[in-house]
Structure formats: C-alpha cells, structure tokens
>>> print(open('protein_1.cif').read())   # mmCIF, C-alpha atoms
data_my_file
loop_
_atom_site.label_atom_id
_atom_site.label_comp_id
_atom_site.auth_asym_id
_atom_site.auth_seq_id
_atom_site.Cartn_x
_atom_site.Cartn_y
_atom_site.Cartn_z
CA MET K 1 -8.20 19.08 27.09
CA ALA K 2 -11.36 20.33 25.44
CA GLU K 3 -14.68 18.78 26.43
CA PRO K 4 -16.29 16.51 23.83
CA SER K 5 -19.39 17.69 22.04
CA PRO K 6 -22.75 16.66 23.52
CA VAL K 7 -23.22 12.93 23.07
CA LEU K 8 -25.67 11.48 20.57
CA ARG K 9 -28.88 9.70 21.49
CA ARG K 10 -28.67 5.90 21.47
CA ALA K 11 -30.37 5.42 18.09
CA LEU K 12 -28.18 7.98 16.35
CA ALA K 13 -25.04 6.67 18.06
CA THR K 14 -25.86 3.14 16.90
CA ARG K 15 -26.35 4.35 13.33
CA VAL K 16 -23.00 6.18 13.40
CA PHE K 17 -21.20 3.10 14.66
CA LEU K 18 -22.80 0.64 12.23
CA CYS K 19 -22.15 2.77 9.14
CA PHE K 20 -18.48 3.32 9.93
CA ALA K 21 -17.97 -0.25 11.17
CA ALA K 22 -19.31 -1.68 7.91
CA ALA K 23 -16.82 0.37 5.90
CA TYR K 24 -13.95 -0.64 8.20
CA LEU K 25 -14.87 -4.32 7.86
CA LEU K 26 -14.66 -4.00 4.08
CA SER K 27 -11.36 -2.12 4.26
CA TYR K 28 -9.79 -4.90 6.32
CA ALA K 29 -11.14 -7.51 3.92
CA PHE K 30 -9.47 -5.64 1.06
CA ARG K 31 -6.21 -5.55 3.02
CA SER K 32 -6.22 -9.32 3.58
CA ILE K 33 -7.77 -10.68 0.39
CA ASN K 34 -4.59 -10.86 -1.72
CA ALA K 35 -3.38 -13.86 0.28
CA VAL K 36 -6.53 -15.76 -0.73
CA ILE K 37 -6.66 -14.81 -4.40
CA ALA K 38 -2.89 -15.07 -4.98
CA PRO K 39 -2.98 -18.60 -6.48
CA ALA K 40 -5.70 -17.55 -8.93
CA LEU K 41 -3.73 -14.46 -9.99
CA LEU K 42 -0.60 -16.53 -10.51
CA ALA K 43 -2.47 -19.10 -12.60
CA GLU K 44 -4.57 -16.72 -14.73
CA LEU K 45 -2.19 -13.81 -15.32
CA GLY K 46 1.17 -15.52 -14.94
CA LEU K 47 2.35 -13.21 -12.16
CA SER K 48 5.54 -13.89 -10.22
CA LYS K 49 5.99 -13.76 -6.46
CA ALA K 50 7.73 -10.42 -6.94
CA ASP K 51 4.66 -9.16 -8.81
CA LEU K 52 2.47 -10.17 -5.89
CA GLY K 53 4.75 -8.27 -3.54
CA LEU K 54 4.49 -5.25 -5.80
CA LEU K 55 0.67 -5.43 -5.64
CA SER K 56 0.75 -5.50 -1.84
CA SER K 57 3.07 -2.50 -1.80
CA ALA K 58 0.62 -0.51 -3.93
CA TYR K 59 -2.04 -0.72 -1.22
CA LEU K 60 0.38 0.08 1.58
CA LEU K 61 2.11 2.97 -0.16
CA SER K 62 -1.09 4.76 -1.15
CA PHE K 63 -2.61 4.14 2.27
CA ALA K 64 0.42 5.62 4.03
CA ALA K 65 0.79 8.55 1.63
CA LEU K 66 -2.71 9.78 2.44
CA GLN K 67 -2.59 9.55 6.23
CA LEU K 68 -1.40 13.12 6.88
CA PRO K 69 -3.72 14.71 4.27
CA VAL K 70 -6.60 12.63 5.66
CA GLY K 71 -6.02 14.11 9.11
CA ILE K 72 -6.33 17.65 7.71
CA TRP K 73 -9.43 16.74 5.66
CA LEU K 74 -11.11 15.18 8.69
CA ASP K 75 -10.55 18.30 10.76
CA LYS K 76 -11.62 20.60 7.92
CA TYR K 77 -14.54 18.76 6.28
CA GLY K 78 -15.60 16.27 8.93
CA PRO K 79 -15.62 12.44 8.91
CA ARG K 80 -18.84 11.96 6.90
CA LYS K 81 -17.78 13.83 3.76
CA THR K 82 -14.15 12.76 3.94
CA GLU K 83 -14.74 9.02 4.22
CA ALA K 84 -17.70 8.88 1.83
CA THR K 85 -15.65 10.64 -0.86
CA LEU K 86 -12.58 8.47 -0.40
CA LEU K 87 -14.64 5.28 -0.52
CA LEU K 88 -15.67 6.19 -4.07
CA PHE K 89 -12.02 5.86 -5.07
CA ALA K 90 -11.85 2.47 -3.33
CA ALA K 91 -14.91 1.31 -5.30
CA ALA K 92 -13.32 2.51 -8.54
CA GLY K 93 -10.12 0.70 -7.61
CA ALA K 94 -11.99 -2.55 -6.97
CA ALA K 95 -13.70 -2.24 -10.38
CA ILE K 96 -10.38 -1.58 -12.12
CA PHE K 97 -8.79 -4.54 -10.32
CA ALA K 98 -11.70 -6.81 -11.29
CA SER K 99 -11.45 -5.91 -14.98
CA SER K 100 -7.65 -5.77 -15.38
CA THR K 101 -5.64 -8.18 -17.46
CA SER K 102 -2.20 -6.69 -16.78
CA LEU K 103 0.02 -6.08 -13.78
CA LEU K 104 -0.22 -2.31 -14.31
CA GLY K 105 -4.02 -2.37 -14.15
CA LEU K 106 -3.97 -4.51 -11.02
CA TRP K 107 -1.43 -2.16 -9.42
CA VAL K 108 -3.49 0.95 -10.17
CA GLY K 109 -6.63 -0.71 -8.85
CA ARG K 110 -4.90 -1.84 -5.69
CA ALA K 111 -3.40 1.62 -5.13
CA LEU K 112 -6.82 3.26 -5.48
CA ILE K 113 -8.24 0.77 -2.98
CA GLY K 114 -5.50 1.57 -0.46
CA GLY K 115 -6.00 5.31 -0.77
CA GLY K 116 -9.77 4.95 -0.76
CA VAL K 117 -9.89 3.10 2.57
CA SER K 118 -7.22 5.26 4.22
CA ALA K 119 -9.77 7.04 6.44
CA CYS K 120 -11.78 3.99 7.45
CA LEU K 121 -10.46 3.97 11.03
CA MET K 122 -9.52 7.62 11.51
CA ALA K 123 -12.90 8.98 10.35
CA PRO K 124 -14.92 6.97 12.88
CA PHE K 125 -12.50 7.89 15.67
CA LYS K 126 -13.14 11.53 14.79
CA ALA K 127 -16.90 10.93 14.76
CA TYR K 128 -16.84 8.98 18.03
CA ARG K 129 -14.86 11.76 19.71
CA ARG K 130 -17.81 14.05 19.05
CA GLY K 131 -20.70 11.65 19.59
CA PHE K 132 -19.73 9.33 22.48
CA PRO K 133 -18.87 10.18 26.09
CA PRO K 134 -15.24 9.84 27.24
CA GLU K 135 -15.88 6.65 29.20
CA ARG K 136 -17.18 4.94 26.03
CA GLN K 137 -14.21 5.78 23.80
CA SER K 138 -12.23 2.62 24.61
CA GLN K 139 -15.36 0.53 24.12
CA VAL K 140 -16.21 1.81 20.65
CA ALA K 141 -12.53 1.63 19.65
CA SER K 142 -12.51 -2.05 20.62
CA TRP K 143 -15.76 -2.66 18.75
CA MET K 144 -14.25 -1.11 15.63
CA LEU K 145 -11.39 -3.59 15.78
CA VAL K 146 -13.97 -6.36 16.16
CA ALA K 147 -15.35 -5.15 12.82
CA GLY K 148 -11.86 -5.10 11.31
CA THR K 149 -11.06 -8.60 12.52
CA SER K 150 -14.40 -9.75 11.10
CA GLY K 151 -13.15 -8.42 7.76
CA VAL K 152 -10.05 -10.61 8.05
CA LEU K 153 -12.25 -13.64 8.71
CA ALA K 154 -14.55 -12.73 5.82
CA ALA K 155 -11.55 -12.64 3.49
CA THR K 156 -10.66 -16.28 4.24
CA VAL K 157 -13.21 -19.09 4.08
CA PRO K 158 -16.14 -17.02 2.68
CA VAL K 159 -14.01 -15.55 -0.12
CA THR K 160 -12.61 -18.97 -0.97
CA ALA K 161 -16.15 -20.34 -1.25
CA ALA K 162 -17.30 -17.37 -3.37
CA MET K 163 -14.36 -17.75 -5.75
CA ALA K 164 -15.48 -21.27 -6.57
CA VAL K 165 -18.74 -19.78 -7.86
CA VAL K 166 -17.90 -16.37 -9.38
CA GLY K 167 -14.10 -16.33 -9.51
CA TRP K 168 -11.81 -13.67 -8.09
CA ARG K 169 -13.10 -11.07 -10.55
CA GLY K 170 -16.66 -11.62 -9.40
CA VAL K 171 -15.57 -11.25 -5.79
CA PHE K 172 -14.01 -7.85 -6.54
CA TRP K 173 -17.06 -6.65 -8.49
CA PHE K 174 -19.22 -7.58 -5.51
CA MET K 175 -16.87 -5.81 -3.10
CA ALA K 176 -16.95 -2.71 -5.31
CA LEU K 177 -20.73 -2.71 -4.92
CA LEU K 178 -20.49 -3.13 -1.15
CA ILE K 179 -18.06 -0.22 -0.88
CA LEU K 180 -20.44 1.99 -2.87
CA LEU K 181 -23.26 1.04 -0.52
CA ALA K 182 -21.08 1.84 2.50
CA ALA K 183 -20.18 5.25 1.03
CA ALA K 184 -23.85 6.00 0.37
CA ALA K 185 -24.83 4.95 3.88
CA ILE K 186 -22.21 7.20 5.49
CA PHE K 187 -23.01 10.19 3.31
CA LEU K 188 -26.82 9.93 3.39
CA LEU K 189 -27.67 8.28 6.70
CA LEU K 190 -25.31 10.37 8.83
CA ARG K 191 -26.28 13.77 7.46
CA ASP K 192 -28.74 14.47 10.29
CA VAL K 193 -26.16 13.25 12.80
CA GLU K 194 -23.74 15.86 11.51
CA CYS K 195 -26.44 18.48 11.98
CA VAL K 196 -26.82 17.44 15.61
CA ASN K 197 -23.06 17.52 16.13
CA PRO K 198 -21.54 19.60 13.33
CA ALA K 199 -17.91 19.85 12.41
CA ARG K 200 -16.31 22.99 13.76
CA PRO K 201 -14.03 24.83 11.34
CA LEU K 202 -10.56 25.48 12.61
CA THR K 203 -9.62 28.99 13.61
CA PRO K 204 -6.62 30.53 15.33
CA SER K 205 -8.66 30.59 18.52
CA ALA K 206 -8.78 26.81 18.48
CA GLY K 207 -5.28 26.76 19.85
CA PRO K 208 -1.71 26.96 18.60
CA GLY K 209 -1.10 25.20 15.36
CA ALA K 210 -4.77 24.55 14.65
CA ARG K 211 -5.13 26.50 11.41
CA THR K 212 -6.92 24.68 8.61
CA GLY K 213 -4.66 23.08 6.03
CA SER K 214 -1.54 23.96 8.01
CA ARG K 215 1.11 21.48 9.06
CA GLU K 216 1.53 23.37 12.31
CA GLY K 217 -1.22 21.23 13.84
CA TYR K 218 0.97 18.17 13.35
CA GLY K 219 3.86 20.01 14.94
CA ARG K 220 1.78 20.79 18.00
CA ILE K 221 0.74 17.15 18.28
CA PHE K 222 4.26 15.78 17.96
CA ARG K 223 5.62 18.29 20.49
CA GLU K 224 3.46 16.66 23.16
CA ALA K 225 5.67 14.34 25.23
CA ALA K 226 2.64 12.14 25.94
CA PHE K 227 2.05 11.59 22.22
CA ARG K 228 5.69 10.71 21.56
CA ARG K 229 5.62 8.29 24.48
CA MET K 230 2.61 6.46 23.09
CA ALA K 231 3.77 6.69 19.49
CA LEU K 232 7.01 4.83 20.24
CA LEU K 233 5.12 2.01 21.92
CA GLY K 234 2.57 1.92 19.11
CA MET K 235 5.18 1.90 16.36
CA VAL K 236 7.24 -0.92 17.86
CA ASN K 237 4.85 -3.12 19.86
CA GLN K 238 1.57 -2.56 18.07
CA GLY K 239 3.31 -2.36 14.71
CA ALA K 240 5.07 -5.68 15.42
CA PHE K 241 1.77 -7.36 16.24
CA ILE K 242 0.18 -6.10 13.01
CA ALA K 243 3.17 -7.31 11.00
CA LEU K 244 3.07 -10.76 12.56
CA GLN K 245 -0.72 -11.04 12.31
CA THR K 246 -0.94 -10.04 8.66
CA LEU K 247 2.14 -11.84 7.32
CA TRP K 248 4.47 -13.88 9.51
CA VAL K 249 2.19 -16.08 11.63
CA GLY K 250 1.52 -18.32 8.63
CA PRO K 251 5.20 -18.86 7.68
CA TRP K 252 6.01 -19.59 11.34
CA MET K 253 3.41 -22.38 11.34
CA THR K 254 4.65 -23.97 8.13
CA THR K 255 8.38 -23.48 8.71
CA VAL K 256 8.87 -23.89 12.45
CA LEU K 257 5.90 -26.03 13.49
CA LYS K 258 5.81 -27.98 10.20
CA MET K 259 2.09 -27.43 9.66
CA SER K 260 0.47 -28.08 6.30
CA PRO K 261 -1.13 -25.17 4.40
CA ALA K 262 -4.58 -26.50 5.30
CA GLN K 263 -3.68 -26.72 8.99
CA THR K 264 -2.17 -23.24 8.87
CA SER K 265 -5.35 -21.82 7.34
CA ARG K 266 -7.44 -23.25 10.18
CA ILE K 267 -4.97 -21.97 12.77
CA LEU K 268 -5.05 -18.46 11.28
CA PHE K 269 -8.84 -18.54 11.39
CA ALA K 270 -8.71 -19.56 15.07
CA PHE K 271 -6.08 -16.89 15.83
CA ASN K 272 -8.21 -14.11 14.36
CA PHE K 273 -11.40 -15.49 15.88
CA PHE K 274 -9.89 -15.36 19.38
CA LEU K 275 -8.59 -11.89 18.59
CA LEU K 276 -12.15 -10.85 17.73
CA LEU K 277 -13.41 -12.28 21.04
CA ALA K 278 -10.65 -10.43 22.90
CA TYR K 279 -11.68 -7.11 21.37
CA LEU K 280 -15.27 -7.81 22.38
CA GLY K 281 -14.16 -8.64 25.90
CA LEU K 282 -12.02 -5.51 26.14
CA GLY K 283 -14.95 -3.42 24.94
CA TRP K 284 -17.02 -4.75 27.84
CA TRP K 285 -14.29 -4.72 30.49
CA ALA K 286 -12.46 -1.42 29.89
CA PRO K 287 -15.34 1.02 30.63
CA ARG K 288 -15.94 -0.78 33.92
CA HIS K 289 -12.39 -1.14 35.20
CA VAL K 290 -10.15 1.44 33.49
CA SER K 291 -10.25 5.03 34.69
CA ASP K 292 -7.99 8.06 34.25
CA ASP K 293 -10.13 10.70 35.92
CA GLY K 294 -9.47 9.88 39.56
CA LYS K 295 -12.15 7.21 39.87
CA PRO K 296 -11.25 3.77 41.24
CA GLY K 297 -9.69 1.46 38.70
CA LEU K 298 -6.56 0.83 36.70
CA THR K 299 -5.10 3.55 34.50
CA VAL K 300 -4.65 3.05 30.78
CA SER K 301 -0.86 3.01 31.24
CA GLN K 302 -1.11 0.25 33.82
CA VAL K 303 -3.37 -1.91 31.66
CA VAL K 304 -1.27 -1.38 28.54
CA SER K 305 2.00 -2.09 30.35
CA ARG K 306 0.72 -5.30 31.92
CA GLY K 307 -0.94 -6.48 28.74
CA LEU K 308 2.17 -5.91 26.64
CA LEU K 309 4.28 -7.68 29.26
CA GLY K 310 1.95 -10.61 28.64
CA THR K 311 2.67 -10.42 24.91
CA LEU K 312 6.41 -10.51 25.59
CA LEU K 313 6.08 -13.60 27.79
CA ALA K 314 3.89 -15.28 25.18
CA GLN K 315 6.51 -14.59 22.50
CA VAL K 316 9.26 -16.04 24.69
CA ALA K 317 7.21 -19.23 24.90
CA ILE K 318 6.56 -19.16 21.14
CA LEU K 319 10.30 -18.91 20.46
CA THR K 320 11.28 -21.73 22.77
CA VAL K 321 8.54 -24.33 22.23
CA THR K 322 8.33 -26.02 18.83
CA ALA K 323 6.03 -28.96 19.60
CA SER K 324 3.04 -29.47 17.33
CA TRP K 325 0.67 -28.05 19.97
CA ALA K 326 2.72 -24.83 20.27
CA TRP K 327 0.37 -23.00 17.89
CA LEU K 328 -1.84 -22.57 20.95
CA LEU K 329 0.75 -20.15 22.37
CA TRP K 330 -0.26 -17.63 19.71
CA ILE K 331 -3.72 -17.35 21.30
CA PRO K 332 -2.56 -15.58 24.52
CA PHE K 333 -0.32 -13.41 22.35
CA ALA K 334 -3.43 -12.24 20.48
CA LEU K 335 -5.46 -11.81 23.68
CA PHE K 336 -2.86 -9.63 25.43
CA ALA K 337 -2.08 -7.53 22.35
CA THR K 338 -5.58 -6.02 22.24
CA VAL K 339 -4.72 -3.61 25.09
CA THR K 340 -3.02 -1.27 22.61
CA THR K 341 -6.51 -0.25 21.51
CA LEU K 342 -6.72 1.78 24.72
CA LEU K 343 -3.85 4.00 23.53
CA GLN K 344 -5.76 5.01 20.40
CA ALA K 345 -8.84 5.75 22.48
CA ARG K 346 -6.82 8.04 24.77
CA ILE K 347 -5.36 9.98 21.84
CA ASN K 348 -8.93 10.69 20.80
CA LEU K 349 -9.56 12.43 24.15
CA PHE K 350 -6.23 14.10 24.81
CA PHE K 351 -6.33 16.62 21.97
CA PRO K 352 -9.13 19.14 21.30
CA ASP K 353 -11.75 18.21 18.73
CA GLU K 354 -10.13 20.57 16.21
CA LEU K 355 -7.04 18.35 16.12
CA THR K 356 -8.33 14.82 16.66
CA GLY K 357 -8.36 14.00 12.95
CA ARG K 358 -4.70 14.87 12.64
CA ALA K 359 -3.73 13.27 15.96
CA ASN K 360 -5.37 9.97 15.03
CA SER K 361 -3.95 10.02 11.50
CA LEU K 362 -0.42 10.78 12.71
CA TYR K 363 -0.62 7.92 15.19
CA ASN K 364 -1.96 5.61 12.47
CA LEU K 365 0.94 6.59 10.20
CA VAL K 366 3.37 5.74 12.99
CA LEU K 367 1.74 2.30 13.36
CA PHE K 368 1.99 1.75 9.62
CA ILE K 369 5.69 2.64 9.60
CA GLY K 370 6.30 0.18 12.41
CA ALA K 371 4.30 -2.61 10.78
CA PHE K 372 6.00 -2.06 7.41
CA ALA K 373 9.46 -2.00 8.99
CA VAL K 374 8.84 -5.23 10.90
CA GLN K 375 7.28 -6.99 7.89
CA TRP K 376 10.25 -6.08 5.72
CA GLY K 377 12.86 -6.42 8.46
CA VAL K 378 11.84 -9.91 9.54
CA GLY K 379 12.23 -11.15 5.98
CA GLY K 380 15.58 -9.43 5.62
CA VAL K 381 16.94 -10.97 8.82
CA ILE K 382 15.66 -14.43 7.83
CA ASP K 383 17.45 -14.19 4.47
CA ALA K 384 20.64 -12.89 6.09
CA ALA K 385 20.65 -15.66 8.71
CA ALA K 386 20.06 -18.31 6.05
CA ARG K 387 23.02 -17.01 4.04
CA ARG K 388 25.17 -17.52 7.13
CA GLY K 389 24.21 -21.16 7.47
CA ALA K 390 21.16 -21.03 9.75
CA THR K 391 18.38 -23.53 9.13
CA PRO K 392 14.96 -22.09 8.14
CA THR K 393 13.72 -22.66 11.69
CA GLN K 394 16.78 -21.04 13.26
CA ALA K 395 16.55 -18.09 10.87
CA MET K 396 12.95 -17.41 11.85
CA GLN K 397 13.75 -17.76 15.55
CA ILE K 398 16.63 -15.29 15.24
CA SER K 399 14.46 -12.77 13.40
CA PHE K 400 11.52 -13.09 15.79
CA GLY K 401 13.92 -12.85 18.73
CA LEU K 402 15.20 -9.48 17.50
CA VAL K 403 11.63 -8.22 17.15
CA LEU K 404 10.95 -9.40 20.71
CA ALA K 405 14.01 -7.52 21.99
CA LEU K 406 12.88 -4.29 20.31
CA GLN K 407 9.45 -4.65 21.89
CA ALA K 408 10.98 -5.14 25.32
CA VAL K 409 13.07 -1.98 24.95
CA ALA K 410 10.04 0.05 23.79
CA LEU K 411 7.91 -1.19 26.70
CA ALA K 412 10.66 -0.42 29.23
CA THR K 413 10.98 3.08 27.76
CA PHE K 414 7.21 3.58 28.02
CA VAL K 415 7.16 2.54 31.67
CA ALA K 416 10.24 4.59 32.60
CA SER K 417 9.04 7.73 30.80
CA GLY K 418 5.75 7.53 32.64
CA ARG K 419 7.54 8.35 35.87
CA SER K 420 9.00 11.60 34.56
CA ALA K 421 6.79 12.80 31.69
CA ARG K 422 3.13 13.75 31.73
CA PRO K 423 1.48 10.80 29.98
CA VAL K 424 -1.82 10.91 28.18
CA ALA K 425 -3.22 8.09 30.21
CA ASP K 426 -2.16 8.94 33.76
#
>>> encode(input="protein_1.cif", output="structure tokens")
Amino acid sequence: MAEPSPVLRRALATRVFLCFAAAYLLSYAFRSINAVIAPALLAELGLSKADLGLLSSAYLLSFAALQLPVGIWLDKYGPRKTEATLLLFAAAGAAIFASSTSLLGLWVGRALIGGGVSACLMAPFKAYRRGFPPERQSQVASWMLVAGTSGVLAATVPVTAAMAVVGWRGVFWFMALLILLAAAAIFLLLRDVECVNPARPLTPSAGPGARTGSREGYGRIFREAAFRRMALLGMVNQGAFIALQTLWVGPWMTTVLKMSPAQTSRILFAFNFFLLLAYLGLGWWAPRHVSDDGKPGLTVSQVVSRGLLGTLLAQVAILTVTASWAWLLWIPFALFATVTTLLQARINLFFPDELTGRANSLYNLVLFIGAFAVQWGVGGVIDAAARRGATPTQAMQISFGLVLALQAVALATFVASGRSARPVAD
C-alpha cells in the first residue's frame, strides 16, 4: 500500500472538507427532493405515478452510468477539476427542471442533475486520501455522511416551507444557484491546495493496470480478494440500508404501523436526525478505538461485523413488533448501520493514490446496484405476495424478511472469508 501524500495544514484541510461537504449536502438534497415536490408536480403538470417513477430513474441511471468514467477522470484530472466541471451540468439540469413544462424536459433536467452530482462523494474521498492522515480517514468519511444526511433533512421541512413562498420552480432555481456557488468554491478556493498536494498522472510505473484511461485499473481492483469481500457486504447490507432509508421506511410506517402521512414525515425526520448524530459519533469514536496497524483497538472488520449484526437484530424486532411505538426500533437500525462507513474509508487507504478514484467509484457503483436491486425487488415481492392473497402488512413483512435473510448470508460470508482471505481491514 502506497503512503498517502503529506497531509495538509489544518486551515487548508478545513477548507477542503467544507467545500466538498457543501456540494455533497446539495447532491443528497437533490436525490431526496422529489418525494417532497411530487404532489406539486402531479397537480401542476398532470403527471402519473409512473411518470414520477420515470423521473426518479433518470437521476439514478445517469448517476450510475458515470461512476466508472468518474473514477478514471478523478485519477487523471484530480478531484477539484472533475467535480467542479460536473457540478456545472447539475446546475444546468436544475435550471432545465425549474423551467420545464413537459415530462421530457423534467426527465432531461433530472438526468443532468444525477450525472452532475455523480462525483460528489468520490471526489472528496480522493482528495481526503491525499490530504488527511490514515487515522483520520474514517472520521472525515463519517463527517461527509453527516453532510449528506443534512441534505436529506434540508429536503424535507425547509423545502416544504420554501415551496409555500416561491413554489417548486423557485426552489430549483435557488438550488441551481447554490450548485454554481459550490462549483466555484471547489474550483477557485482549492486551487492552492492542489498545488500543495498535486494530482500525480498515472504511468506504467504506478503499478499494474494503472494506465490513464485504461480499464485495466478496474481489473486490478476487482482482482483483489479484499475488495470483493467488502464489495459483497456493501452491495447487500449497505445497499439494503440505502434502499430502505430512501424509499421503504415511509411505506412501512403507513402500511404496517398504520401511521398517518404527517406522523410518518415526523418519524422520517427523527430517523435521519439520529442517523446524522450516529455519523457524528462514529467520526469521534473511530479514530480513538479502531486500529488496523497493530495498535490496541478493534479492527475495522470487527467493528463492521458487530455493527451489522446489530442491524440484523434490529430488523428482526422491526419484523415482529407492530405496536404503534415500534417505529422506535428503526432508530437502533440507523445507529448500527453507520459502521459501513468504515469500509469506504479503508478502500481509500488500501489502494495506491493512482487508483483511489477508480476504487472508490467502483465500490460506489456496487452500492448503487445493491440499493437499486433492493428498492425494485422489495416492491416486486410485495406485489407478488399480494397477488397470492397476502394482506398489505404480510406482503411487506415477507419482502423485508427476504432482504433480512440476504443480509445475514452476506454478513456470514464476510466473517467466514476473513479467516481465509487477506482482508483490507485486518
């Protein structure tokens, strides 16, 4: 494993974090905002539920399609230029979305937004690999997810209040402006940081498969048993959490626990607020108690395994308790699930700097595939169970139970493979 570049001074490191965190907050707000503006779109433009699903797919498809190219661009051009350029497309997409009067215009705008924010987590991970010491990687990764969760919260109550004043179009015009400001901040304010810690062009001497623009770098990454071990866990367990967080928690509250939409909205706010606190707590705790370099402390594998076991137990309780207070069981599920952040931080350190952009992007693509599969699969199982006579509650319990079983298998595989394969985190 190559040594990281010399770390940045505190002031420069803070500037790097704040610029990238602001962009990531906005990207997460864009990802979540459709749920809030959906009623307004239905009323003003006469869209169907299928149309709304099509709009969501535009973001996801463009986001996923760019993950592998983004990894190459990050390694070739560096995180500052790559993310600042892509954010311009996101700003254009927000402007197109705000001014559209047809489904096609909305779809194009949403697709540009998804592609434009596709580097908002991978670019900072690349920058942090160069500018922060190894023992701080898990901390800054957790802080980034604090920023992302803050974006989810910003896309709920604040957006609802803003829509009452300026409408959904005004909200998107304002977000287009914010994205432009974030792009300018990254491009202009981090230029001297890049001079302190410049991007290194890839050469054959950087290692096998490290040639610029070549797919061989991805082949080298995927050939690592440690990466495959973590990728399986990320795709199934972390992907399942993302799918439940961004889509299925709400329907569970209304269908199984019989909550009203207003109650569900407050519960979702609480769920994401506790998730934000958990990321903050992990950012403080991990550098002090998690160690993989022979120092006293738990290894990343141990923390991740125990944390994900906690998520499985929480989900067992969620499936079996349907009292009105059972929404509280989702809180420990959120708290335990944050440990998967440590896997992403370890990927950042395992591969040499010349490949970290691609390694992070490939892992992110795997997470996306898992989240997409669970989001779609849960709905498919619910529909299939309902066709066979299951009640709505039973159908959701069956579907969630299958997701739980897949997570248990993935976690058992992760633990077992750690005894025979060389893991990243041990």
>>> resolve_selection(input="protein_1.cif", expression="the PyMOL selection byres ((chain K and resi 112-119) around 9)", output="PyMOL selection string")
chain K and resi 23-24+26-28+30-31+58-67+70-71+74+79+82-83+85-94+96+107-111+120-124+361
>>> residues_around(input="protein_1.cif", residues="segment 152-162 of chain K", least_positions_apart="3", cutoff="10 Å", atoms="only C-alpha atoms", output="ChimeraX atom specification")
/K:25-37,146-149,165-168,170-171,246,265-266,268-273,276
>>> residues_around(input="protein_1.cif", residues="Val304 of chain K", least_positions_apart="2", cutoff="9 Å", atoms="only C-alpha atoms", output="PyMOL selection string")
chain K and resi 299-302+306-309+336-343
>>> atom_distance(input="protein_1.cif", atom1="atom CA of Leu103 of chain K", atom2="atom CA of Asn364 of chain K")
28.8 Å
>>> resolve_selection(input="protein_1.cif", expression="the PyMOL selection byres ((chain K and resi 406-409) around 8)", output="short mmCIF file (atom, residue, chain, number, x, y, z; two decimals) with C-alpha atoms, in the coordinates of the input")
data_model
loop_
_atom_site.label_atom_id
_atom_site.label_comp_id
_atom_site.auth_asym_id
_atom_site.auth_seq_id
_atom_site.Cartn_x
_atom_site.Cartn_y
_atom_site.Cartn_z
CA LEU K 233 5.12 2.01 21.92
CA VAL K 236 7.24 -0.92 17.86
CA ASN K 237 4.85 -3.12 19.86
CA ALA K 240 5.07 -5.68 15.42
CA LEU K 312 6.41 -10.51 25.59
CA LEU K 402 15.20 -9.48 17.50
CA VAL K 403 11.63 -8.22 17.15
CA LEU K 404 10.95 -9.40 20.71
CA ALA K 405 14.01 -7.52 21.99
CA ALA K 410 10.04 0.05 23.79
CA LEU K 411 7.91 -1.19 26.70
CA ALA K 412 10.66 -0.42 29.23
CA THR K 413 10.98 3.08 27.76
#
>>> residues_around(input="protein_1.cif", residues="Arg358 of chain K", least_positions_apart="3", cutoff="12 Å", atoms="only C-alpha atoms", output="count of residues only")
44
>>> atom_distance(input="protein_1.cif", atom1="atom CA of Ala345 of chain K", atom2="atom CA of Gln137 of chain K")
5.5 Å
>>> closest_residue(input="protein_1.cif", among="K:Met396, K:Ala13, K:Met253, K:Val381", to="Trp330 of chain K", atoms="all atoms listed in the file")
K:Met253
>>> atom_distance(input="protein_1.cif", atom1="atom CA of Ile186 of chain K", atom2="atom CA of Phe368 of chain K")
25.1 Å
>>> decode(input="protein_1.cif", residues="segment 143-158 of chain K", atoms="N, CA and C atoms", output="PDB file, in the first residue's frame")
ATOM      1  N   TRP K 143     -17.944  12.303   8.646  1.00  0.00           N
ATOM      2  CA  TRP K 143     -18.403  13.695   8.566  1.00  0.00           C
ATOM      3  C   TRP K 143     -19.053  13.984   7.221  1.00  0.00           C
ATOM      4  N   MET K 144     -18.551  13.363   6.152  1.00  0.00           N
ATOM      5  CA  MET K 144     -19.186  13.563   4.851  1.00  0.00           C
ATOM      6  C   MET K 144     -20.620  13.032   4.857  1.00  0.00           C
ATOM      7  N   LEU K 145     -20.841  11.909   5.510  1.00  0.00           N
ATOM      8  CA  LEU K 145     -22.182  11.362   5.555  1.00  0.00           C
ATOM      9  C   LEU K 145     -23.079  12.174   6.491  1.00  0.00           C
ATOM     10  N   VAL K 146     -22.483  12.880   7.443  1.00  0.00           N
ATOM     11  CA  VAL K 146     -23.244  13.866   8.216  1.00  0.00           C
ATOM     12  C   VAL K 146     -23.762  14.946   7.267  1.00  0.00           C
ATOM     13  N   ALA K 147     -22.890  15.409   6.371  1.00  0.00           N
ATOM     14  CA  ALA K 147     -23.304  16.424   5.393  1.00  0.00           C
ATOM     15  C   ALA K 147     -24.413  15.881   4.493  1.00  0.00           C
ATOM     16  N   GLY K 148     -24.268  14.626   4.034  1.00  0.00           N
ATOM     17  CA  GLY K 148     -25.290  14.044   3.181  1.00  0.00           C
ATOM     18  C   GLY K 148     -26.625  13.911   3.886  1.00  0.00           C
ATOM     19  N   THR K 149     -26.604  13.445   5.139  1.00  0.00           N
ATOM     20  CA  THR K 149     -27.835  13.319   5.900  1.00  0.00           C
ATOM     21  C   THR K 149     -28.462  14.680   6.154  1.00  0.00           C
ATOM     22  N   SER K 150     -27.625  15.698   6.336  1.00  0.00           N
ATOM     23  CA  SER K 150     -28.145  17.062   6.479  1.00  0.00           C
ATOM     24  C   SER K 150     -28.884  17.481   5.217  1.00  0.00           C
ATOM     25  N   GLY K 151     -28.410  17.014   4.059  1.00  0.00           N
ATOM     26  CA  GLY K 151     -29.111  17.297   2.812  1.00  0.00           C
ATOM     27  C   GLY K 151     -30.479  16.656   2.765  1.00  0.00           C
ATOM     28  N   VAL K 152     -30.591  15.432   3.308  1.00  0.00           N
ATOM     29  CA  VAL K 152     -31.899  14.780   3.385  1.00  0.00           C
ATOM     30  C   VAL K 152     -32.844  15.598   4.246  1.00  0.00           C
ATOM     31  N   LEU K 153     -32.348  16.055   5.403  1.00  0.00           N
ATOM     32  CA  LEU K 153     -33.185  16.853   6.296  1.00  0.00           C
ATOM     33  C   LEU K 153     -33.574  18.175   5.640  1.00  0.00           C
ATOM     34  N   ALA K 154     -32.631  18.780   4.914  1.00  0.00           N
ATOM     35  CA  ALA K 154     -32.921  20.059   4.258  1.00  0.00           C
ATOM     36  C   ALA K 154     -33.983  19.913   3.182  1.00  0.00           C
ATOM     37  N   ALA K 155     -34.104  18.720   2.627  1.00  0.00           N
ATOM     38  CA  ALA K 155     -35.073  18.484   1.556  1.00  0.00           C
ATOM     39  C   ALA K 155     -36.456  18.124   2.080  1.00  0.00           C
ATOM     40  N   THR K 156     -36.668  18.226   3.402  1.00  0.00           N
ATOM     41  CA  THR K 156     -37.974  17.902   3.969  1.00  0.00           C
ATOM     42  C   THR K 156     -38.691  19.173   4.416  1.00  0.00           C
ATOM     43  N   VAL K 157     -38.600  19.477   5.684  1.00  0.00           N
ATOM     44  CA  VAL K 157     -39.330  20.626   6.242  1.00  0.00           C
ATOM     45  C   VAL K 157     -38.904  21.952   5.610  1.00  0.00           C
ATOM     46  N   PRO K 158     -37.590  22.236   5.458  1.00  0.00           N
ATOM     47  CA  PRO K 158     -37.214  23.525   4.848  1.00  0.00           C
ATOM     48  C   PRO K 158     -37.735  23.691   3.419  1.00  0.00           C
TER      49      PRO K 158
END
